[in-house]
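Novice: Sharing a structure here in structure tokens format.
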Amino acid sequence: MGTLTGSTDGPAVKEDGDLATPFLRCLIRLIRAQDAHGAWEGKSDADLLADFILTKEQRRKIPIIGDPDPDVLWRLQNFYSCVGLVIEECTGLLASPIMTIGHEGFGRVLFTTGRLVVLSKTLRDVHRFGFETLGKLAEVGNKMVDDAIAVIETYPDVARAS
């Protein structure tokens, strides 16, 4: 799906700074940790994230009928796992994602810490999960993390309750 060539001068990467954001660094670590056989060892960070990038034209071409592709579900799982990991890195509290997705590509993801729901997101058109640029990927991930941290700071006692 992705169109990056391994250099950071492709259309989806505006500058090296996109790859330096804490969210994308965490996502890259998460993806590399799943490479048990070293198949992605020679790939650049931009190449690893290329499948998260979808142009509007690519998104329109993806049919939303049928079960979501397993590769899309893998990327979705990695994205939300990364959100939870960054929340944990920033707060020291374990943020557990709970995700349910129906075969039609709709669902919900919740993050809890302690007894507090820190983030709730409705998932629609999972078949077409992706972002225009790496900057947009980082922006959306960082916004989710910031929103969750704000909830934790508002209700710290509930977040730390067991």
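Please note that chains go A, B, ... in the order of the structure tokens, that every chain numbers its residues from 1, and that ligands are numbered from 1 in the order shown.
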How would you write, as a ChimeraX atom specification, the set of residues in chain A that DSSP gives as alpha helix (DSSP H)?
Specialist: /A:16-19,22-33,45-49,56-61,70-91,134-154,156-160
Novice: Extract, using only C-alpha atoms, all DNA, RNA and protein residues at most 10 Å from A:Val151, discarding same-chain residues fewer than 6 positions from it, and format them as a list in words.
Specialist: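 The neighbour list is Leu116, Val117, Val118, Leu119 and Ala159 of chain A.
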Novice: Just the selected residues (N, CA, C and O atoms), exported as a JSON list (two decimals), in the first residue's frame, please.
Specialist:
```json
[["chain", "number", "residue", "atom", "x", "y", "z"],
["A", 116, "LEU", "N", -10.10, 3.80, 35.34],
["A", 116, "LEU", "CA", -10.48, 4.95, 34.52],
["A", 116, "LEU", "C", -10.38, 4.63, 33.03],
["A", 116, "LEU", "O", -9.37, 4.08, 32.58],
["A", 117, "VAL", "N", -11.42, 4.96, 32.28],
["A", 117, "VAL", "CA", -11.35, 4.90, 30.82],
["A", 117, "VAL", "C", -10.72, 6.22, 30.38],
["A", 117, "VAL", "O", -11.30, 7.28, 30.56],
["A", 118, "VAL", "N", -9.51, 6.14, 29.84],
["A", 118, "VAL", "CA", -8.78, 7.35, 29.49],
["A", 118, "VAL", "C", -8.96, 7.75, 28.03],
["A", 118, "VAL", "O", -8.70, 8.89, 27.66],
["A", 119, "LEU", "N", -9.42, 6.81, 27.22],
["A", 119, "LEU", "CA", -9.61, 7.11, 25.80],
["A", 119, "LEU", "C", -10.63, 6.14, 25.23],
["A", 119, "LEU", "O", -10.56, 4.94, 25.50],
["A", 159, "ALA", "N", -7.34, 6.88, 38.18],
["A", 159, "ALA", "CA", -6.35, 6.27, 37.31],
["A", 159, "ALA", "C", -5.40, 5.36, 38.09],
["A", 159, "ALA", "O", -4.89, 4.37, 37.55]]
```
Novice: Between A:Gly107, A:Pro97, A:Gly92, A:Pro68, single out the one closest to A:His127, counting only C-alpha atoms.
Specialist: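 Smallest distance to A:His127 is found for A:Pro68.
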Novice: In terms of the shortest atom-to-atom distance over only C-alpha atoms, which of A:Trp40, A:Phe52, A:Phe111, A:Trp74 is closest to A:Met144?
Specialist: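 Among the listed residues, the smallest separation from A:Met144 belongs to A:Phe111.
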Novice: I want to know what sits within 9 Å of A:Phe129, based on only C-alpha atoms, with residues of the same chain fewer than 5 positions away left out; could you give that as a ChimeraX atom specification?
Specialist: /A:52-54,59,72-73,75-76,124
Novice: Those residues with N, CA and C atoms, as a JSON list (two decimals), in the first residue's frame please?
Specialist:
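This went into out.json:
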```json
[["chain", "number", "residue", "atom", "x", "y", "z"],
["A", 52, "PHE", "N", 1.43, 2.50, 6.54],
["A", 52, "PHE", "CA", 0.49, 3.35, 7.27],
["A", 52, "PHE", "C", 0.05, 4.55, 6.43],
["A", 53, "ILE", "N", 0.71, 4.78, 5.30],
["A", 53, "ILE", "CA", 0.44, 5.94, 4.46],
["A", 53, "ILE", "C", -0.47, 5.55, 3.30],
["A", 54, "LEU", "N", -1.60, 6.22, 3.20],
["A", 54, "LEU", "CA", -2.56, 6.02, 2.12],
["A", 54, "LEU", "C", -3.00, 7.37, 1.58],
["A", 59, "ARG", "N", -7.12, 5.25, -0.84],
["A", 59, "ARG", "CA", -8.18, 4.96, 0.11],
["A", 59, "ARG", "C", -9.50, 4.71, -0.61],
["A", 72, "VAL", "N", -4.16, -4.94, 7.47],
["A", 72, "VAL", "CA", -4.74, -3.71, 8.00],
["A", 72, "VAL", "C", -5.00, -3.86, 9.49],
["A", 73, "LEU", "N", -5.52, -5.00, 9.90],
["A", 73, "LEU", "CA", -5.77, -5.25, 11.32],
["A", 73, "LEU", "C", -4.47, -5.25, 12.11],
["A", 75, "ARG", "N", -1.74, -3.49, 11.34],
["A", 75, "ARG", "CA", -1.34, -2.08, 11.46],
["A", 75, "ARG", "C", -2.20, -1.36, 12.49],
["A", 76, "LEU", "N", -3.48, -1.63, 12.49],
["A", 76, "LEU", "CA", -4.39, -1.01, 13.46],
["A", 76, "LEU", "C", -3.99, -1.41, 14.89],
["A", 124, "ARG", "N", -14.36, 3.30, 12.36],
["A", 124, "ARG", "CA", -15.21, 3.19, 11.18],
["A", 124, "ARG", "C", -14.32, 2.95, 9.97]]
```
Novice: For a test of reading the model, state the distance in Å between atom CA of A:Gly130 and atom CA of A:Ser96, rounded to one decimal.
Specialist: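 Atom-to-atom, atom CA of A:Gly130 and atom CA of A:Ser96 are spaced 22.2 Å apart.
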Novice: Apply DSSP to the structure's backbone, then extract all residues of stretch 57-145 of chain A labelled strand (DSSP E) and return them as a count of residues only.
Specialist: 21
Novice: Have a look at A:Val83, A:Ala20, A:Met99, A:Val126 and name the one nearest to A:Asn142; count only C-alpha atoms.
Specialist: A:Val83
Novice: Please compute the atom CA of A:Gln58-atom CA of A:Arg25 distance, one decimal, in Å.
Specialist: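 Taking atom CA of A:Gln58 and atom CA of A:Arg25, their separation equals 25.4 Å.
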Novice: Extract, using only C-alpha atoms, all DNA, RNA and protein residues at most 8 Å from A:Gly114, discarding same-chain residues fewer than 4 positions from it, and format them as an MDAnalysis selection string.
Specialist: chainID A and resid 94 158:162
Novice: Mind writing the picked residues with C-alpha atoms as a CSV table (one decimal), in the first residue's frame?
Specialist:
```
chain,number,residue,atom,x,y,z
A,94,LEU,CA,-0.2,0.9,32.3
A,158,VAL,CA,-9.3,6.9,39.7
A,159,ALA,CA,-6.3,6.3,37.3
A,160,ARG,CA,-4.2,4.9,40.2
A,161,ALA,CA,-7.0,2.8,41.8
A,162,SER,CA,-6.8,-0.9,41.6
```
Novice: Kindly indicate which residue among A:Gly141, A:Pro70, A:Gly84, A:Gly38 lies nearest to A:Thr112, using only C-alpha atoms for the distances.
Specialist: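 The answer is A:Gly84, which sits nearest to A:Thr112.
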Novice: For each of A:Ser81, A:Phe23, A:Leu49, A:Thr122, take the minimum atom-to-atom distance to A:Asp146, counting only C-alpha atoms, then give the residue where this is smallest.
Specialist: A:Phe23
Novice: Pick from A:Leu19, A:Val140, A:Ile28, A:Ile149: nearest to A:Glu89, with only C-alpha atoms counted?
Specialist: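 Among A:Leu19, A:Val140, A:Ile28, A:Ile149, it is A:Ile149 that comes nearest to A:Glu89.
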